[in-house]
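Structure data follow from target33.cif (mmCIF, C-alpha atoms):
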data_final
#
loop_
_atom_site.label_atom_id
_atom_site.label_comp_id
_atom_site.auth_asym_id
_atom_site.auth_seq_id
_atom_site.Cartn_x
_atom_site.Cartn_y
_atom_site.Cartn_z
CA MET A 1417 104.49 -33.66 52.54
CA SER A 1418 107.84 -35.39 52.31
CA MET A 1419 106.17 -38.24 50.47
CA SER A 1420 104.84 -35.89 47.84
CA ALA A 1421 108.23 -34.17 47.62
CA ALA A 1422 109.88 -37.53 47.01
CA GLY A 1423 107.21 -38.34 44.47
CA TYR A 1424 107.81 -34.99 42.78
CA LEU A 1425 111.55 -35.57 42.57
CA ALA A 1426 111.07 -39.10 41.27
CA ARG A 1427 108.75 -37.84 38.59
CA ARG A 1428 111.16 -35.07 37.62
CA ALA A 1429 114.01 -37.59 37.39
CA ALA A 1430 111.93 -39.87 35.19
CA GLN A 1431 111.04 -36.93 32.96
CA LYS A 1432 114.67 -35.88 32.70
CA GLU A 1433 115.62 -39.36 31.58
CA ARG A 1434 112.81 -39.43 29.04
CA VAL A 1435 113.89 -36.07 27.61
CA MET A 1436 117.54 -37.17 27.37
CA LEU A 1437 116.52 -40.35 25.58
CA LEU A 1438 114.22 -38.48 23.23
CA TYR A 1439 116.90 -35.88 22.47
CA ARG A 1440 119.47 -38.58 21.83
CA ARG A 1441 117.24 -40.45 19.41
CA ALA A 1442 116.08 -37.29 17.68
CA LEU A 1443 119.64 -36.04 17.32
CA LYS A 1444 120.79 -39.29 15.74
CA ASP A 1445 117.77 -39.29 13.49
CA THR A 1446 118.60 -35.75 12.38
CA LEU A 1447 121.92 -37.07 11.17
CA ASN A 1448 120.08 -39.76 9.22
CA TRP A 1449 117.97 -37.20 7.40
CA ALA A 1450 120.78 -34.74 6.69
CA VAL A 1451 122.65 -35.49 3.49
CA HIS A 1452 125.56 -33.23 4.30
CA ARG A 1453 127.33 -32.28 7.43
CA HIS A 1454 126.57 -28.58 7.14
CA ILE A 1455 122.87 -29.36 6.82
CA PHE A 1456 123.11 -31.49 9.92
CA TYR A 1457 124.67 -28.69 11.96
CA GLN A 1458 121.76 -26.38 11.18
CA ASP A 1459 119.17 -29.11 11.79
CA ALA A 1460 120.77 -30.11 15.08
CA SER A 1461 120.81 -26.49 16.18
CA ASP A 1462 117.10 -26.18 15.32
CA LEU A 1463 116.36 -29.36 17.22
CA ARG A 1464 118.19 -28.05 20.26
CA GLU A 1465 116.19 -24.83 20.09
CA LYS A 1466 112.95 -26.80 20.09
CA PHE A 1467 114.03 -28.40 23.35
CA GLU A 1468 115.39 -25.18 24.81
CA ALA A 1469 112.06 -23.43 24.22
CA TYR A 1470 110.53 -25.48 27.05
CA ARG A 1471 113.51 -25.36 29.39
CA HIS A 1472 111.69 -23.40 32.10
CA VAL A 1473 108.38 -25.25 32.07
CA GLU A 1474 107.68 -26.30 35.67
CA ASP A 1475 104.25 -27.93 35.61
CA LEU A 1476 104.64 -31.71 35.69
CA ASP A 1477 101.58 -32.52 33.62
CA THR A 1478 102.52 -29.98 30.99
CA ILE A 1479 106.03 -31.50 30.81
CA ASP A 1480 104.56 -34.97 30.40
CA ARG A 1481 102.32 -33.75 27.62
CA LEU A 1482 105.21 -31.98 25.86
CA ILE A 1483 107.40 -35.07 26.07
CA SER A 1484 104.61 -37.23 24.66
CA GLU A 1485 104.14 -34.79 21.81
CA GLY A 1486 107.87 -34.82 21.15
CA GLU A 1487 107.94 -38.60 21.14
CA ALA A 1488 105.00 -38.69 18.74
CA THR A 1489 106.77 -36.25 16.41
CA TYR A 1490 109.92 -38.34 16.60
CA GLU A 1491 108.01 -41.52 15.77
CA LYS A 1492 106.29 -39.81 12.87
CA TRP A 1493 109.56 -38.57 11.35
CA ARG A 1494 111.72 -41.56 12.08
CA HIS A 1495 114.03 -42.37 9.21
CA PRO A 1496 112.97 -45.60 7.45
CA ASP A 1497 116.57 -46.60 6.70
CA PRO A 1498 118.77 -45.19 9.42
CA TYR A 1499 122.54 -45.34 9.42
CA ILE A 1500 123.77 -48.28 11.47
CA VAL A 1501 127.42 -48.76 12.32
CA PRO A 1502 128.56 -51.67 10.08
CA TRP A 1503 129.36 -54.21 12.81
CA ALA A 1504 126.18 -53.55 14.82
CA PRO A 1505 123.02 -55.68 14.39
CA GLY A 1506 121.38 -54.56 11.16
CA GLY A 1507 124.63 -53.06 9.88
CA SER A 1508 126.08 -53.97 6.50
CA LYS A 1509 128.88 -56.06 8.00
CA PHE A 1510 126.97 -57.64 10.84
CA THR A 1511 128.34 -61.19 11.52
CA ARG A 1512 130.46 -60.96 8.44
CA ASN A 1513 133.85 -62.63 8.49
CA PRO A 1514 134.36 -63.15 12.18
CA PRO A 1515 137.98 -63.81 13.14
CA PRO A 1516 138.92 -67.41 14.00
CA PRO A 1517 139.90 -67.95 17.61
CA GLU A 1518 143.56 -67.76 18.57
CA GLY A 1519 145.57 -70.94 18.02
CA ILE A 1520 143.24 -72.52 15.47
CA GLU A 1521 144.97 -73.92 12.40
CA ILE A 1522 143.40 -75.13 9.19
CA VAL A 1523 143.96 -78.81 8.39
CA TYR A 1524 143.54 -79.51 4.69
CA ASP A 1525 142.58 -83.04 3.61
CA TYR A 1526 141.29 -83.85 7.01
CA GLY A 1527 141.44 -87.61 7.60
CA LYS A 1528 143.82 -88.22 4.71
CA GLU A 1529 146.90 -86.82 6.34
CA ASP A 1530 149.40 -89.39 7.50
CA MET B 436 158.23 -91.94 -12.32
CA ALA B 437 157.58 -88.30 -11.60
CA ALA B 438 153.86 -88.99 -11.62
CA ALA B 439 154.31 -91.74 -9.06
CA LEU B 440 156.43 -89.57 -6.84
CA ARG B 441 154.08 -86.66 -6.99
CA PRO B 442 151.49 -87.81 -4.44
CA ALA B 443 154.23 -88.99 -2.13
CA ILE B 444 155.95 -85.65 -2.26
CA LEU B 445 152.71 -83.73 -1.95
CA ARG B 446 151.76 -85.74 1.08
CA HIS B 447 154.88 -84.64 2.86
CA LEU B 448 154.82 -81.07 1.76
CA ARG B 449 153.85 -78.75 4.54
CA ILE B 450 153.72 -75.08 4.07
CA PRO B 451 154.17 -73.35 7.37
CA VAL B 452 151.22 -71.04 7.94
CA GLN B 453 152.35 -67.74 9.25
CA THR B 454 150.10 -65.38 11.06
CA GLN B 455 150.89 -61.87 10.10
CA THR B 456 150.87 -59.56 13.03
CA LEU B 457 150.00 -55.97 12.53
CA ASP B 458 152.25 -53.41 14.02
CA ARG B 459 149.56 -51.59 15.89
CA TYR B 460 151.56 -48.49 16.61
CA ARG B 461 152.65 -48.00 13.06
CA PRO B 462 149.40 -46.59 11.60
CA LEU B 463 149.41 -43.79 14.12
CA LEU B 464 152.59 -42.40 12.71
CA LEU B 465 151.45 -42.48 9.11
CA SER B 466 149.52 -39.85 7.32
CA PRO B 467 145.87 -40.62 6.52
CA PHE B 468 146.73 -41.00 2.84
CA ASP B 469 149.61 -43.39 3.28
CA PRO B 470 148.72 -46.72 1.61
CA LEU B 471 150.45 -48.57 4.45
CA ARG B 472 147.74 -47.35 6.71
CA PHE B 473 145.30 -49.70 5.08
CA SER B 474 146.68 -53.13 5.57
CA PRO B 475 145.67 -55.74 2.97
CA LEU B 476 145.23 -58.12 5.87
CA ARG B 477 141.51 -58.44 6.59
CA SER B 478 140.81 -55.11 5.04
CA MET B 479 137.29 -56.18 4.12
CA SER B 480 136.52 -57.40 7.58
CA SER B 481 134.31 -55.49 9.92
CA HIS B 482 136.62 -56.42 12.73
CA GLY B 483 139.50 -54.05 12.96
CA ASP B 484 142.64 -55.82 13.96
CA GLU B 485 144.29 -52.79 15.41
CA HIS B 486 143.09 -52.20 18.91
CA LEU B 487 143.28 -48.82 20.46
CA THR B 488 145.76 -48.17 23.18
CA LYS B 489 144.55 -46.56 26.34
CA GLU B 490 146.64 -43.44 25.71
CA GLU B 491 145.09 -43.00 22.29
CA VAL B 492 141.59 -43.39 23.69
CA VAL B 493 142.30 -40.80 26.37
CA GLU B 494 143.72 -38.37 23.86
CA ARG B 495 140.83 -38.70 21.42
CA VAL B 496 138.12 -38.55 24.09
CA LEU B 497 139.66 -35.38 25.49
CA ASP B 498 139.89 -33.96 21.97
CA VAL B 499 136.18 -34.51 21.44
CA VAL B 500 135.25 -32.93 24.76
CA LYS B 501 137.59 -29.99 24.25
CA SER B 502 136.17 -29.23 20.82
CA PHE B 503 132.64 -29.03 22.22
CA PRO B 504 131.68 -25.35 21.78
CA LYS B 505 130.43 -24.72 25.31
CA VAL B 506 133.47 -26.22 27.01
CA ASP B 507 136.52 -24.32 28.19
CA PRO B 508 139.35 -26.53 26.84
CA SER B 509 141.71 -25.66 29.69
CA LYS B 510 139.35 -27.26 32.22
CA VAL B 511 139.21 -30.63 30.52
CA THR B 512 141.06 -33.44 32.28
CA PRO B 513 140.57 -37.22 32.08
CA GLU B 514 138.63 -37.18 35.37
CA VAL B 515 136.28 -34.32 34.60
CA HIS B 516 132.52 -34.72 35.10
CA PHE B 517 130.53 -33.17 32.26
CA GLN B 518 127.75 -31.57 34.25
CA ARG B 519 129.36 -30.88 37.61
CA ASP B 520 132.77 -29.67 36.46
CA LEU B 521 132.20 -28.28 32.99
CA GLY B 522 128.89 -26.55 33.62
CA LEU B 523 127.05 -28.43 30.90
CA ASP B 524 123.43 -29.53 31.06
CA SER B 525 121.96 -32.95 30.37
CA LEU B 526 121.32 -32.26 26.69
CA ASP B 527 124.96 -31.22 26.21
CA ASN B 528 125.87 -34.49 27.85
CA VAL B 529 123.79 -36.33 25.24
CA GLU B 530 125.50 -34.39 22.46
CA ILE B 531 128.96 -35.29 23.75
CA VAL B 532 128.09 -38.98 23.91
CA VAL B 533 126.76 -38.88 20.34
CA ALA B 534 129.98 -37.12 19.27
CA LEU B 535 132.03 -39.83 20.99
CA GLU B 536 130.03 -42.51 19.20
CA GLU B 537 130.89 -40.89 15.89
CA GLU B 538 134.53 -40.43 16.80
CA PHE B 539 135.03 -44.08 17.67
CA LYS B 540 132.49 -45.51 15.17
CA LEU B 541 130.50 -47.03 17.99
CA GLU B 542 126.86 -47.81 18.44
CA ILE B 543 126.21 -47.38 22.14
CA PRO B 544 122.86 -48.75 23.33
CA ASP B 545 120.59 -46.02 24.70
CA LYS B 546 120.56 -47.45 28.20
CA GLU B 547 124.34 -47.40 28.43
CA ALA B 548 124.67 -44.05 26.71
CA VAL B 549 122.64 -42.19 29.33
CA LEU B 550 124.97 -43.49 32.04
CA ILE B 551 128.11 -41.98 30.52
CA ASP B 552 128.39 -38.64 32.28
CA SER B 553 132.09 -38.08 32.80
CA CYS B 554 135.38 -38.31 30.96
CA ASP B 555 136.70 -41.25 32.92
CA LEU B 556 133.52 -43.27 32.34
CA ALA B 557 133.68 -42.46 28.63
CA ILE B 558 137.35 -43.44 28.46
CA GLU B 559 136.68 -46.66 30.32
CA TYR B 560 133.74 -47.53 28.09
CA VAL B 561 135.57 -46.86 24.83
CA ALA B 562 138.82 -48.53 25.92
CA ASN B 563 136.95 -51.70 26.89
CA HIS B 564 134.82 -51.75 23.75
CA PRO B 565 136.09 -54.39 21.30
CA MET B 566 134.81 -52.47 18.26
CA ALA B 567 136.17 -49.04 19.05
CA ALA B 568 138.21 -47.81 16.12
#
Just dump the structure as structure tokens.
Amino acid sequence: MSMSAAGYLARRAAQKERVMLLYRRALKDTLNWAVHRHIFYQDASDLREKFEAYRHVEDLDTIDRLISEGEATYEKWRHPDPYIVPWAPGGSKFTRNPPPPEGIEIVYDYGKED
Amino acid sequence: MAAALRPAILRHLRIPVQTQTLDRYRPLLLSPFDPLRFSPLRSMSSHGDEHLTKEEVVERVLDVVKSFPKVDPSKVTPEVHFQRDLGLDSLDNVEIVVALEEEFKLEIPDKEAVLIDSCDLAIEYVANHPMAA
């Protein structure tokens, strides 16, 4: 009995993590699709309602199915060109103009100086 | 004569290279529209030269949490736990972390983002992040 209870809790924890990850990705993707901030607020509110609708679902298999459906919907509607913070990999300023290390000085005419 | 001297003089000319240091506290005092706020030094670089002070990080993190609609602003302290102390649920937690990412122009990897569940963790993460701006 205690084994199955532990298994139940472990499965619930895994599902919670999956839902949080899905919500995080979906929320960020909503911002990618919304052209204006006020559109985003409405879209984000709608997204939250979609998650809230299943707040009280208890059956583990149903939850798994719902999460899989949500993930499929997210994959289907993923933005092809998402916003990436400029310095991050894939961002517009990624590896651009990195600062020289402290204490480095430029020597012009290297080898010809006296 | 002058032409002969020229290389000799040039060889001994040394222009001292000065590193300009940014006064990192100055921009805080200026209005957002003050041209001094945008230093010409490395303005095109993705690496901000002004690093956030701990106090500023604390203040801005608390601002973000306080402006979250479901939060009672009077309860927010730098040590507060989002779900235990503020009565939020896990999805609210996700929303706060996304708001913090926007506030500090960060891109937090998913695996690290799900671990941030309290103000002091968020403050620690942002204060130690080299790209937080």
Residues of chain A near chain B: apply a cut-off of 9 Å, count only C-alpha atoms, and supply the list as a ChimeraX atom specification. /A:1432-1433,1435-1437,1439-1441,1443-1444,1464,1467,1500-1504,1509-1515,1521-1522,1529-1530
The PyMOL selection byres ((chain A and resi 1447-1452) around 12) resolved against shown file, as a PyMOL selection string: (chain A and resi 1440-1446+1453-1461+1463+1493-1500) or (chain B and resi 533-534+537)
Do you know which residues the PyMOL selection byres ((chain B and resi 552) around 8) returns on this file, as JSON, numbers by chain? {"B": [516, 517, 518, 528, 549, 550, 551, 553, 554, 556, 557]}
Print the selection's residues with C-alpha atoms to a file, as a compact mmCIF listing (two decimals), in the frame of the given file.
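What landed in result_13.txt:
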# COMPACT_ATOMS: atom_id res chain seq x y z
CA HIS B 516 132.52 -34.72 35.10
CA PHE B 517 130.53 -33.17 32.26
CA GLN B 518 127.75 -31.57 34.25
CA ASN B 528 125.87 -34.49 27.85
CA VAL B 549 122.64 -42.19 29.33
CA LEU B 550 124.97 -43.49 32.04
CA ILE B 551 128.11 -41.98 30.52
CA SER B 553 132.09 -38.08 32.80
CA CYS B 554 135.38 -38.31 30.96
CA LEU B 556 133.52 -43.27 32.34
CA ALA B 557 133.68 -42.46 28.63
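The space separating CA of His564 in chain B from CA of Glu547 in chain B comes to 12.3 Å.
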Residues selected by the PyMOL selection byres ((chain B and resi 512) around 10), written as a list in words: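 Matching residues under the PyMOL selection byres ((chain B and resi 512) around 10) are Val493, Leu497, Val500, Lys501, Pro508, Ser509, Lys510, Val511, Pro513, Glu514, Val515, His516, Cys554 and Asp555 of chain B.
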The distance between CA of Gly522 in chain B and CA of Lys505 in chain B is 8.6 Å
So the first atom is CA of Leu1425 in chain A and the second is CA of Ser1484 in chain A; what is the distance between them in Å, to one decimal place? 19.3 Å
For Asn563 in chain B, please output as a list in words all residues within 12 Å (counting all atoms listed in the file; exclusion window: fewer than 3 positions along the same chain).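 Once the adjacent positions are removed, what remains is His486, Leu487, Thr488, Lys489, Val492, Leu541, Leu556, Ala557, Ile558, Glu559, Tyr560, Met566, Ala567 and Ala568 of chain B.
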Taking all atoms of range 1424-1431 of chain A that the file lists and extending 3 Å past them on each side, where is the centre of the axis-aligned box and how long are its edges? Answer in Å to one decimal, as JSON.
{"center_x": 110.9, "center_y": -37.4, "center_z": 37.9, "size_x": 12.2, "size_y": 10.9, "size_z": 15.8}
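Counting only C-alpha atoms and comparing A:Glu1491, A:Val1523, A:Asp1480, A:Pro1505, the residue that lies closest to Gln1431 in chain A is A:Asp1480.
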